[in-house]
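Structure data (TSV, C-alpha atoms) from protein-v4.tsv:
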```tsv
chain	number	residue	atom	x	y	z
A	1	MET	CA	84.89	-0.88	-14.87
A	2	GLU	CA	85.56	2.22	-17.01
A	3	HIS	CA	89.13	2.47	-15.59
A	4	ARG	CA	89.82	-1.17	-16.46
A	5	LYS	CA	88.51	-0.73	-20.02
A	6	LYS	CA	90.72	2.33	-20.54
A	7	LYS	CA	93.70	0.40	-19.19
A	8	LYS	CA	93.12	-2.43	-21.68
A	9	ARG	CA	93.09	0.00	-24.60
A	10	ILE	CA	96.59	1.37	-23.81
A	11	VAL	CA	98.30	-1.54	-25.72
A	12	PRO	CA	96.63	-2.45	-29.05
A	13	VAL	CA	95.78	-6.11	-29.53
A	14	GLY	CA	97.92	-6.45	-32.67
A	15	ILE	CA	101.08	-5.16	-30.99
A	16	ARG	CA	100.50	-7.32	-27.93
A	17	GLN	CA	100.11	-10.43	-30.09
A	18	LEU	CA	103.24	-9.51	-32.07
A	19	VAL	CA	105.30	-9.16	-28.89
A	20	GLU	CA	103.94	-12.45	-27.55
A	21	ASN	CA	104.73	-14.08	-30.92
A	22	LEU	CA	108.35	-12.88	-30.79
A	23	LEU	CA	108.78	-14.04	-27.19
A	24	ILE	CA	107.42	-17.49	-28.00
A	25	PHE	CA	109.66	-17.62	-31.08
A	26	ALA	CA	112.66	-16.75	-28.95
A	27	VAL	CA	111.86	-19.62	-26.58
A	28	PHE	CA	111.43	-22.21	-29.32
A	29	PHE	CA	114.44	-20.92	-31.30
A	30	ALA	CA	116.52	-21.31	-28.16
A	31	LEU	CA	115.20	-24.85	-27.66
A	32	SER	CA	116.00	-25.68	-31.28
A	33	SER	CA	119.56	-24.33	-30.95
A	34	LEU	CA	120.31	-25.91	-27.56
A	35	CYS	CA	118.87	-29.32	-28.43
A	36	GLY	CA	120.58	-29.56	-31.80
A	37	SER	CA	123.45	-31.68	-30.43
A	38	HIS	CA	121.25	-33.87	-28.19
A	39	SER	CA	120.69	-37.38	-29.44
A	40	LEU	CA	116.97	-37.47	-28.45
A	41	PHE	CA	115.67	-33.87	-28.45
A	42	SER	CA	117.42	-33.08	-31.72
A	43	LYS	CA	114.81	-35.23	-33.48
A	44	ILE	CA	112.01	-32.88	-32.33
A	45	ASP	CA	111.09	-30.17	-34.83
A	46	TRP	CA	110.78	-27.30	-32.37
A	47	LEU	CA	110.17	-24.69	-35.08
A	48	MET	CA	107.21	-26.69	-36.48
A	49	ILE	CA	105.75	-26.93	-33.00
A	50	TYR	CA	106.16	-23.16	-32.69
A	51	VAL	CA	104.37	-22.54	-36.01
A	52	ILE	CA	101.47	-24.86	-35.09
A	53	LEU	CA	101.15	-23.32	-31.62
A	54	ILE	CA	100.99	-19.77	-33.02
A	55	SER	CA	98.56	-20.86	-35.76
A	56	ILE	CA	96.21	-22.37	-33.21
A	57	SER	CA	96.48	-19.52	-30.72
A	58	TYR	CA	96.45	-16.45	-32.95
A	59	ASN	CA	95.09	-15.25	-36.29
A	60	ILE	CA	96.33	-16.00	-39.78
A	61	TYR	CA	98.55	-12.90	-39.88
A	62	GLN	CA	100.48	-13.99	-36.82
A	63	SER	CA	100.65	-17.48	-38.30
A	64	ALA	CA	102.20	-16.16	-41.52
A	65	PHE	CA	104.69	-14.10	-39.54
A	66	ALA	CA	105.55	-17.18	-37.45
A	67	ALA	CA	106.11	-19.19	-40.64
A	68	VAL	CA	108.51	-16.50	-41.91
A	69	LEU	CA	110.41	-16.44	-38.59
A	70	ALA	CA	110.58	-20.24	-38.51
A	71	GLY	CA	111.85	-20.31	-42.11
A	72	VAL	CA	114.53	-17.72	-41.43
A	73	ALA	CA	115.55	-19.57	-38.28
A	74	TYR	CA	115.71	-22.87	-40.17
A	75	LEU	CA	117.90	-21.37	-42.89
A	76	TYR	CA	120.08	-19.79	-40.24
A	77	GLY	CA	120.48	-23.17	-38.61
A	78	GLN	CA	121.55	-24.58	-41.96
A	79	ASN	CA	124.20	-21.81	-42.30
A	80	MET	CA	122.48	-20.43	-45.37
A	81	GLU	CA	121.96	-16.87	-46.54
A	82	LEU	CA	119.01	-15.40	-48.40
A	83	LEU	CA	121.20	-14.62	-51.42
A	84	ASP	CA	121.99	-18.30	-51.73
A	85	LEU	CA	118.36	-19.00	-52.59
A	86	ALA	CA	119.09	-18.02	-56.18
A	87	THR	CA	120.38	-21.52	-56.76
A	88	PHE	CA	117.11	-23.17	-55.79
A	89	HIS	CA	117.82	-26.60	-57.29
A	90	TYR	CA	120.86	-26.96	-55.02
A	91	TYR	CA	118.85	-26.22	-51.85
A	92	ALA	CA	115.54	-27.93	-52.64
A	93	ASN	CA	115.33	-29.72	-49.30
A	94	SER	CA	115.77	-26.52	-47.34
A	95	MET	CA	113.18	-24.68	-49.44
A	96	LEU	CA	110.70	-27.50	-49.06
A	97	ALA	CA	111.12	-27.27	-45.28
A	98	VAL	CA	110.41	-23.51	-45.41
A	99	MET	CA	107.36	-24.11	-47.60
A	100	GLU	CA	106.21	-26.75	-45.13
A	101	PHE	CA	106.27	-24.14	-42.36
A	102	VAL	CA	104.23	-21.78	-44.48
A	103	PHE	CA	101.72	-24.43	-45.64
A	104	VAL	CA	101.19	-26.03	-42.25
A	105	GLY	CA	100.97	-22.65	-40.52
A	106	LEU	CA	98.43	-21.23	-42.93
A	107	MET	CA	96.28	-24.39	-43.03
A	108	VAL	CA	96.26	-24.81	-39.26
A	109	SER	CA	95.56	-21.10	-38.76
A	110	TYR	CA	92.74	-21.14	-41.34
A	111	THR	CA	91.19	-24.23	-39.80
A	112	ALA	CA	91.51	-22.79	-36.28
A	113	ASN	CA	89.94	-19.51	-37.44
A	114	MET	CA	87.04	-21.38	-39.06
A	115	LEU	CA	86.48	-23.37	-35.88
A	116	ARG	CA	86.64	-20.20	-33.80
A	117	GLU	CA	84.18	-18.53	-36.16
A	118	ASP	CA	81.83	-21.48	-35.91
A	119	ALA	CA	82.16	-21.43	-32.13
A	120	ARG	CA	81.48	-17.69	-32.08
A	121	SER	CA	78.44	-18.17	-34.29
A	122	VAL	CA	77.19	-20.95	-32.03
A	123	ARG	CA	77.73	-18.74	-28.97
A	124	GLN	CA	75.81	-15.92	-30.61
A	125	ASP	CA	72.96	-18.28	-31.49
A	126	LEU	CA	73.02	-19.61	-27.95
A	127	GLU	CA	72.88	-16.09	-26.54
A	128	MET	CA	69.97	-15.25	-28.82
A	129	ILE	CA	68.20	-18.44	-27.80
A	130	LYS	CA	68.79	-17.61	-24.13
A	131	GLU	CA	67.38	-14.12	-24.66
A	132	GLU	CA	64.35	-15.55	-26.47
A	133	TYR	CA	63.96	-18.12	-23.71
A	134	GLU	CA	64.02	-15.41	-21.05
A	135	ASP	CA	61.49	-13.36	-23.04
A	136	LEU	CA	59.23	-16.38	-23.52
A	137	LYS	CA	59.64	-17.25	-19.86
A	138	ASP	CA	58.52	-13.76	-18.84
A	139	ILE	CA	55.60	-13.91	-21.28
A	140	ASN	CA	54.62	-17.35	-19.99
A	141	GLU	CA	54.72	-16.16	-16.38
A	142	GLU	CA	52.47	-13.24	-17.29
A	143	ASN	CA	50.11	-15.55	-19.18
A	144	VAL	CA	49.99	-17.95	-16.25
A	145	LEU	CA	49.11	-15.09	-13.91
A	146	ILE	CA	46.38	-13.92	-16.30
A	147	LYS	CA	45.08	-17.50	-16.72
A	148	ASN	CA	44.97	-18.04	-12.96
A	149	GLU	CA	43.16	-14.73	-12.49
A	150	TYR	CA	40.50	-15.52	-15.09
A	151	GLU	CA	40.24	-19.09	-13.83
A	152	GLN	CA	39.57	-17.78	-10.34
A	153	ARG	CA	36.98	-15.39	-11.71
A	154	LEU	CA	35.23	-18.18	-13.60
A	155	LEU	CA	35.21	-20.48	-10.58
A	156	THR	CA	33.91	-17.81	-8.20
A	157	SER	CA	31.52	-16.12	-10.64
A	158	LYS	CA	27.83	-16.70	-10.09
A	159	SER	CA	27.37	-17.01	-13.84
A	160	GLY	CA	30.67	-18.74	-14.69
A	161	PHE	CA	30.88	-21.84	-16.86
A	162	PRO	CA	31.21	-24.29	-13.92
A	163	LYS	CA	28.13	-22.73	-12.35
A	164	LEU	CA	26.26	-22.84	-15.66
A	165	TYR	CA	27.23	-26.48	-16.15
A	166	ASP	CA	25.97	-27.32	-12.68
A	167	LEU	CA	22.68	-25.53	-13.36
A	168	ILE	CA	22.20	-27.05	-16.81
A	169	SER	CA	22.94	-30.58	-15.58
A	170	ARG	CA	19.93	-30.27	-13.26
A	171	LEU	CA	17.69	-29.97	-16.32
A	172	MET	CA	18.95	-33.20	-17.88
A	173	VAL	CA	16.20	-35.41	-16.42
A	174	GLN	CA	13.47	-37.53	-18.01
A	175	GLU	CA	10.45	-36.26	-16.08
A	176	PRO	CA	8.62	-33.22	-17.57
A	177	ASP	CA	7.30	-32.07	-14.19
A	178	ARG	CA	10.78	-32.36	-12.65
A	179	ILE	CA	12.20	-30.27	-15.51
A	180	LEU	CA	9.70	-27.49	-14.84
A	181	LEU	CA	10.46	-27.58	-11.11
A	182	GLU	CA	14.21	-27.33	-11.71
A	183	ALA	CA	13.70	-24.66	-14.40
A	184	MET	CA	12.19	-22.28	-11.85
A	185	GLN	CA	15.13	-22.66	-9.49
A	186	VAL	CA	17.81	-22.57	-12.21
A	187	ILE	CA	16.45	-19.40	-13.83
A	188	SER	CA	16.02	-17.81	-10.40
A	189	GLU	CA	19.70	-18.44	-9.67
A	190	LEU	CA	20.81	-17.16	-13.08
A	191	VAL	CA	19.00	-13.80	-12.93
A	192	ARG	CA	18.86	-13.53	-9.14
A	193	THR	CA	15.12	-13.01	-8.71
A	194	ASP	CA	12.30	-14.87	-6.93
A	195	THR	CA	9.58	-13.62	-9.30
A	196	VAL	CA	9.70	-16.76	-11.46
A	197	ALA	CA	6.66	-18.86	-12.29
A	198	VAL	CA	5.93	-21.72	-14.69
A	199	TYR	CA	2.63	-22.25	-16.51
A	200	HIS	CA	1.45	-25.35	-18.34
A	201	GLY	CA	0.04	-24.87	-21.84
A	202	GLN	CA	-2.08	-26.96	-24.14
A	203	ALA	CA	-2.56	-27.13	-27.88
A	204	GLY	CA	-5.14	-24.79	-29.40
A	205	SER	CA	-5.92	-22.95	-26.15
A	206	PRO	CA	-4.75	-19.51	-24.98
A	207	TRP	CA	-5.28	-20.53	-21.36
A	208	LEU	CA	-2.27	-21.44	-19.24
A	209	ARG	CA	-2.47	-23.25	-15.92
A	210	LEU	CA	-0.02	-22.44	-13.11
A	211	VAL	CA	2.42	-25.24	-12.33
A	212	GLY	CA	4.38	-23.47	-9.62
A	213	ALA	CA	5.77	-20.11	-8.53
A	214	LEU	CA	8.59	-19.02	-6.28
A	215	SER	CA	6.49	-16.29	-4.71
A	216	GLU	CA	2.95	-14.93	-4.77
A	217	SER	CA	4.13	-11.88	-6.72
A	218	SER	CA	5.32	-14.11	-9.56
A	219	VAL	CA	1.92	-15.12	-10.93
A	220	MET	CA	-0.25	-13.42	-13.55
A	221	ASP	CA	-4.02	-13.31	-12.97
A	222	GLY	CA	-4.04	-16.06	-10.36
A	223	LYS	CA	-3.67	-19.75	-11.12
A	224	SER	CA	-4.90	-19.42	-14.69
A	225	TRP	CA	-3.60	-16.95	-17.29
A	226	ASN	CA	-5.48	-16.10	-20.47
A	227	LEU	CA	-2.98	-15.07	-23.14
A	228	SER	CA	-5.78	-13.59	-25.23
A	229	ASP	CA	-5.63	-10.54	-22.98
A	230	SER	CA	-2.01	-9.94	-24.11
A	231	PRO	CA	-1.88	-10.31	-27.93
A	232	LYS	CA	1.86	-9.56	-28.20
A	233	ILE	CA	2.75	-12.14	-25.57
A	234	CYS	CA	0.34	-14.66	-27.09
A	235	ASP	CA	1.87	-14.21	-30.54
A	236	ALA	CA	5.43	-14.65	-29.18
A	237	VAL	CA	4.43	-17.76	-27.22
A	238	MET	CA	2.77	-19.36	-30.22
A	239	ARG	CA	5.90	-18.70	-32.30
A	240	GLY	CA	8.15	-20.04	-29.53
A	241	GLU	CA	10.10	-16.78	-29.18
A	242	LEU	CA	11.32	-15.14	-25.99
A	243	TYR	CA	9.33	-12.00	-25.19
A	244	GLN	CA	10.67	-8.94	-23.38
A	245	GLY	CA	8.03	-6.81	-21.73
A	246	GLU	CA	8.00	-3.06	-22.22
A	247	PHE	CA	9.16	-1.06	-19.23
A	248	GLY	CA	6.29	0.56	-17.32
A	249	SER	CA	3.58	-1.26	-19.31
A	250	GLY	CA	2.67	-3.70	-16.52
A	251	GLU	CA	3.83	-6.63	-18.64
A	252	PRO	CA	6.15	-9.29	-17.20
A	253	ALA	CA	9.86	-8.69	-17.78
A	254	ILE	CA	10.46	-11.98	-19.60
A	255	VAL	CA	8.11	-14.59	-21.06
A	256	MET	CA	9.99	-17.69	-22.19
A	257	PRO	CA	7.90	-20.34	-23.99
A	258	ILE	CA	8.93	-23.99	-24.18
A	259	VAL	CA	7.47	-25.20	-27.47
A	260	CYS	CA	7.67	-28.84	-28.46
A	261	GLN	CA	6.33	-29.90	-31.85
A	262	ASP	CA	4.50	-26.56	-32.26
A	263	VAL	CA	2.73	-27.00	-28.91
A	264	PRO	CA	3.52	-24.62	-26.03
A	265	GLU	CA	4.08	-27.28	-23.38
A	266	ALA	CA	5.08	-24.70	-20.78
A	267	VAL	CA	5.76	-20.99	-20.34
A	268	VAL	CA	8.36	-19.64	-17.94
A	269	LEU	CA	7.45	-16.22	-16.57
A	270	ILE	CA	9.88	-13.75	-14.98
A	271	LYS	CA	7.74	-11.01	-13.49
A	272	LYS	CA	10.59	-8.66	-12.55
A	273	LEU	CA	14.20	-8.64	-13.72
A	274	PRO	CA	16.90	-6.99	-11.57
A	275	TYR	CA	18.53	-3.96	-13.18
A	276	GLU	CA	21.98	-5.54	-13.28
A	277	CYS	CA	20.53	-8.50	-15.22
A	278	GLU	CA	18.89	-6.38	-17.92
A	279	THR	CA	21.88	-6.87	-20.19
A	280	LEU	CA	22.38	-8.48	-23.59
A	281	TYR	CA	24.47	-11.18	-21.90
A	282	HIS	CA	21.63	-12.23	-19.59
A	283	ILE	CA	19.04	-12.06	-22.39
A	284	ASN	CA	21.18	-14.33	-24.57
A	285	LEU	CA	21.69	-16.56	-21.56
A	286	LEU	CA	17.91	-16.88	-21.14
A	287	LYS	CA	17.48	-17.57	-24.85
A	288	THR	CA	20.05	-20.35	-24.59
A	289	MET	CA	18.30	-21.67	-21.49
A	290	SER	CA	15.02	-21.67	-23.44
A	291	LEU	CA	16.59	-23.88	-26.13
A	292	LEU	CA	18.01	-26.23	-23.50
A	293	LEU	CA	14.63	-26.48	-21.78
A	294	ARG	CA	12.96	-27.22	-25.10
A	295	ASP	CA	15.42	-30.00	-25.88
A	296	SER	CA	15.11	-31.48	-22.38
A	297	MET	CA	11.32	-31.31	-22.51
A	298	GLU	CA	11.20	-32.98	-25.93
A	299	LYS	CA	13.42	-35.81	-24.72
A	300	ALA	CA	11.36	-36.22	-21.55
A	301	LEU	CA	8.05	-36.28	-23.46
A	302	ARG	CA	9.48	-38.76	-25.95
A	303	TYR	CA	10.68	-40.96	-23.10
A	304	GLU	CA	7.29	-40.68	-21.39
A	305	GLU	CA	5.54	-41.73	-24.59
A	306	LEU	CA	7.86	-44.70	-25.15
A	307	SER	CA	7.49	-45.87	-21.55
A	308	ARG	CA	3.73	-45.22	-21.34
A	309	GLU	CA	2.84	-48.89	-20.93
A	310	GLU	CA	5.24	-49.11	-18.01
A	311	HIS	CA	3.81	-46.07	-16.18
A	312	TYR	CA	0.10	-46.08	-17.09
A	313	VAL	CA	-2.70	-48.57	-16.71
A	314	LYS	CA	-3.43	-50.00	-20.16
A	315	ASP	CA	-5.70	-47.84	-22.38
A	316	THR	CA	-6.14	-45.18	-19.65
A	317	ASP	CA	-4.54	-42.01	-18.29
A	318	ILE	CA	-4.27	-43.58	-14.84
A	319	LEU	CA	-0.76	-43.80	-13.42
A	320	LYS	CA	0.40	-47.04	-11.89
A	321	PRO	CA	1.25	-47.02	-8.16
A	322	GLU	CA	5.02	-46.41	-8.54
A	323	ALA	CA	4.63	-43.61	-11.10
A	324	PHE	CA	1.80	-42.03	-9.09
A	325	ARG	CA	3.93	-42.13	-5.94
A	326	LYS	CA	6.68	-40.17	-7.75
A	327	GLN	CA	4.17	-37.51	-8.76
A	328	ILE	CA	2.96	-37.16	-5.16
A	329	LEU	CA	6.54	-36.89	-3.87
A	330	LEU	CA	7.29	-34.21	-6.47
A	331	ALA	CA	4.18	-32.27	-5.48
A	332	GLY	CA	5.24	-32.56	-1.85
A	333	GLU	CA	8.68	-31.21	-2.74
A	334	LYS	CA	7.12	-28.18	-4.43
A	335	ALA	CA	4.89	-27.62	-1.41
A	336	GLU	CA	7.89	-27.74	0.95
A	337	LYS	CA	9.61	-25.09	-1.17
A	338	CYS	CA	6.41	-22.99	-1.16
A	339	MET	CA	6.11	-23.23	-4.94
A	340	ALA	CA	2.65	-24.79	-5.13
A	341	GLU	CA	0.10	-26.42	-2.84
A	342	TYR	CA	-1.52	-29.76	-3.58
A	343	CYS	CA	-3.89	-32.36	-2.24
A	344	VAL	CA	-4.74	-35.99	-2.94
A	345	VAL	CA	-8.35	-37.20	-3.12
A	346	GLU	CA	-9.86	-40.65	-3.44
A	347	LEU	CA	-12.44	-41.11	-6.17
A	348	THR	CA	-15.30	-43.58	-5.76
A	349	TYR	CA	-17.43	-44.58	-8.75
A	350	SER	CA	-19.68	-47.51	-9.50
A	351	GLY	CA	-18.05	-48.21	-12.87
A	352	SER	CA	-14.62	-49.48	-13.82
A	353	LEU	CA	-11.35	-47.55	-13.45
A	354	ALA	CA	-11.38	-46.64	-17.12
A	355	GLU	CA	-14.98	-45.38	-16.97
A	356	THR	CA	-14.25	-43.37	-13.83
A	357	ALA	CA	-11.14	-41.86	-15.42
A	358	ASN	CA	-13.10	-40.76	-18.50
A	359	VAL	CA	-15.74	-39.07	-16.34
A	360	VAL	CA	-13.25	-37.37	-14.02
A	361	ARG	CA	-10.75	-36.23	-16.69
A	362	ARG	CA	-13.34	-33.85	-18.21
A	363	THR	CA	-13.51	-32.02	-14.89
A	364	LEU	CA	-9.89	-32.01	-13.77
A	365	ARG	CA	-7.33	-29.45	-14.92
A	366	VAL	CA	-4.43	-30.20	-17.25
A	367	THR	CA	-1.98	-30.07	-14.34
A	368	ASP	CA	-3.87	-32.73	-12.33
A	369	CYS	CA	-3.27	-36.44	-12.71
A	370	LEU	CA	-4.98	-39.72	-11.86
A	371	GLY	CA	-3.36	-42.73	-10.24
A	372	THR	CA	-4.01	-45.92	-8.39
A	373	ASN	CA	-2.43	-47.58	-5.37
A	374	GLY	CA	-1.54	-51.18	-4.77
A	375	GLU	CA	-5.09	-51.97	-3.67
A	376	GLY	CA	-6.63	-50.84	-6.96
A	377	LYS	CA	-8.24	-47.70	-5.57
A	378	LEU	CA	-8.40	-44.59	-7.76
A	379	PHE	CA	-6.93	-41.29	-6.63
A	380	ALA	CA	-6.43	-37.83	-8.09
A	381	LEU	CA	-3.47	-35.53	-7.45
A	382	LEU	CA	-4.66	-31.94	-7.58
A	383	ASN	CA	-1.75	-29.59	-8.16
A	384	ASN	CA	-2.15	-25.97	-7.04
A	385	THR	CA	-5.31	-26.91	-5.20
A	386	GLY	CA	-5.40	-26.99	-1.43
A	387	SER	CA	-7.62	-29.23	0.67
A	388	GLY	CA	-9.69	-26.16	1.54
A	389	ASN	CA	-10.61	-25.52	-2.10
A	390	LEU	CA	-12.32	-28.83	-2.89
A	391	GLU	CA	-15.96	-27.84	-2.43
A	392	HIS	CA	-16.56	-26.76	-6.03
A	393	LEU	CA	-14.79	-29.83	-7.45
A	394	GLN	CA	-16.69	-32.16	-5.14
A	395	LYS	CA	-20.02	-30.74	-6.29
A	396	ARG	CA	-19.17	-31.07	-9.98
A	397	LEU	CA	-17.92	-34.65	-9.67
A	398	LEU	CA	-20.78	-35.67	-7.40
A	399	ALA	CA	-23.15	-34.51	-10.14
A	400	CYS	CA	-21.40	-37.02	-12.40
A	401	GLY	CA	-21.77	-39.79	-9.84
A	402	VAL	CA	-18.21	-39.63	-8.52
A	403	GLU	CA	-17.65	-39.29	-4.79
A	404	VAL	CA	-14.58	-37.28	-3.74
A	405	THR	CA	-12.86	-37.98	-0.41
A	406	PRO	CA	-9.76	-36.02	0.66
A	407	VAL	CA	-6.83	-38.22	1.68
A	408	LEU	CA	-5.31	-36.72	4.78
A	409	ASP	CA	-2.82	-39.54	5.26
A	410	ARG	CA	-0.58	-39.45	2.18
A	411	PRO	CA	0.79	-43.02	2.57
A	412	VAL	CA	-2.73	-44.34	1.94
A	413	ALA	CA	-2.43	-43.19	-1.71
A	414	VAL	CA	1.13	-44.34	-2.22
```
Write the structure described by the file as C-alpha cells, please.
Amino acid sequence: MEHRKKKKRIVPVGIRQLVENLLIFAVFFALSSLCGSHSLFSKIDWLMIYVILISISYNIYQSAFAAVLAGVAYLYGQNMELLDLATFHYYANSMLAVMEFVFVGLMVSYTANMLREDARSVRQDLEMIKEEYEDLKDINEENVLIKNEYEQRLLTSKSGFPKLYDLISRLMVQEPDRILLEAMQVISELVRTDTVAVYHGQAGSPWLRLVGALSESSVMDGKSWNLSDSPKICDAVMRGELYQGEFGSGEPAIVMPIVCQDVPEAVVLIKKLPYECETLYHINLLKTMSLLLRDSMEKALRYEELSREEHYVKDTDILKPEAFRKQILLAGEKAEKCMAEYCVVELTYSGSLAETANVVRRTLRVTDCLGTNGEGKLFALLNNTGSGNLEHLQKRLLACGVEVTPVLDRPVAV
C-alpha cells in the first residue's frame, strides 16, 4: 500500500490532467480538421464537444484552458491570426464563437464543480451517518446485553418484581382470615424465615390472640400476648408503625401492625430475621408490605360489612352454612400446614339461636366463630384450640346452660 501511494505521487495531479487535456484536444482537433470537408460530420462542432467534455470531467482551470485551445483552433481553422483581432467589428462572428467556447466551458465547469461538491458533501454526510449508525449499533448491542442480563436477574431473583407481584397478588382477596393466612406465607418467602406468626387484635385491649404461626418458635407467650409487658412495642402497634426489636434484648425482630380505622386488626410478628435480610431494602419491603396488608384488610372488612346480611343470620353473629363451611375449610388448611390447630363443637341450648349466640359469645375468644348447618344446628369453630383442650370451655359453657359436644365428623357441621 505504501509503495502504491508513493508511485501515485510521482506525477502531480495538475500535470497529469494537463497532459490528458492536450491529448484529448489533439484528438478532437484532428476530428474537426478531417471532417471539415465531409457533408455530414462537418456540421458537428467537435471543438464545442471537446470543451464540454473537459468542463464536465475536470476542474474550472482545465475548462478555461480548453476554451482557449478551442478558440485558437477555431481561429486557425478560419485562417485568422491573433493580430487580426484588432479589427473586431470585421470578425464579430469569429469572436462570438470564441466567447461561446469560453462561456459554455466556464458555465458547464462551474455547474459540474457545484454538483461534484454537493455529491462530496452528501458522501461525507453519508459517511458520518454510517459512523454514527455503527456507533449506535454497538451501543444498542451493549444495552441489549445489559437489559437481558438484568432481565434474567429480575426473573430469577427471589425478591424480583415478578416474584413480588406474584406474592402481592395472593393478598388481593376479600376474606380477612384468608389475608392473614397468606400474609404469613408471603412474608416468610420474602425474608426467608419460618419464625412468622399472626395475632388478632381488638379495639381498646392490649391482648392479642394467636391466629396462626409457621412454627412453635414463632409465638410470644403462648396463644395470647399481652402488649402491656412491652411498652415500646405496644406504643408502635397503637400508632400503626413497624417496630424493629433491639438486638440481644429478647424482643422479636419485627412487629408489623395492620391498623384499620385506628384499630389494630392484626399484628404480624417475625421472631427472628436472617442476617442477610437485615438490610434497609428488606425493611422498606416489609413497610410496603404492611401498607398493602392494611389496604387489603380494609377492603376485606368493608366487603364483609356490606355483605353481612348474605353471610350472617339476621341480627346475630352466627354464620350461615356456606360461610361457616368456608371458615372450617380455611381452618383445616391452616391445620394441614401446621399453622394452627382447630376443632368444631356443637352447642345445645334451650333458647333460640340468637339467645344461645349471646350467651356463648361472652365465653369464646375473638378468633372463634359461630355458625349453623343446613339443619339449623348451632356450632362453634374454635381456632387454635385442639379437641383435647375443651374441658375448661365445656365447664364454663355448661355453667351457662350450654352443652358442648365435639364434632369428630367434620361433614356433620358443613
With a distance cut-off of 12 Å and all atoms listed in the file, select the neighbouring residues of Ser230 of chain A, excluding the residue or stretch itself and same-chain residues fewer than 4 positions from it, and output the selection as a list of chain:residue names. A:Pro206, A:Trp207, A:Met220, A:Asp221, A:Trp225, A:Asn226, A:Cys234, A:Asp235, A:Ala236, A:Val237, A:Tyr243, A:Gly245, A:Ser249, A:Gly250, A:Glu251, A:Pro252, A:Val255
Have a look at atom CA of Asp194 of chain A and atom CA of Ala213 of chain A and let me know their distance in Å, one decimal. 8.5 Å
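Atom to atom, atom CA of Met289 of chain A and atom CA of Ala183 of chain A stand 9.0 Å apart.
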Write out as a tab-separated table (two decimals) with C-alpha atoms, in the frame of the given file which residues come within 9 Å of Lys377 of chain A when counting all atoms listed in the file, dropping same-chain ones fewer than 6 positions away.
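What follows is the written file selection_24.tsv:
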```
chain	number	residue	atom	x	y	z
A	346	GLU	CA	-9.86	-40.65	-3.44
A	347	LEU	CA	-12.44	-41.11	-6.17
A	348	THR	CA	-15.30	-43.58	-5.76
A	353	LEU	CA	-11.35	-47.55	-13.45
A	371	GLY	CA	-3.36	-42.73	-10.24
A	413	ALA	CA	-2.43	-43.19	-1.71
```
Quick one, how far is atom CA of Pro264 of chain A from atom CA of Tyr303 of chain A? 18.1 Å
Excluding segment 275-283 of chain A and any residue of its chain fewer than 4 positions from it, enumerate the residues within 10 Å of it, using only C-alpha atoms, and give them as a ChimeraX atom specification. /A:159,190-193,242,244,253-254,287-289
Of the candidates A:Ile179, A:Leu227, A:Glu189, A:Met48, which shows the shortest atom-to-atom distance to Ile258 of chain A, using only C-alpha atoms? A:Ile179
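Using only C-alpha atoms for every distance, the candidate list A:Gln185, A:Thr356, A:Ser224, A:Asn384 yields A:Asn384 as the residue closest to Gly212 of chain A.
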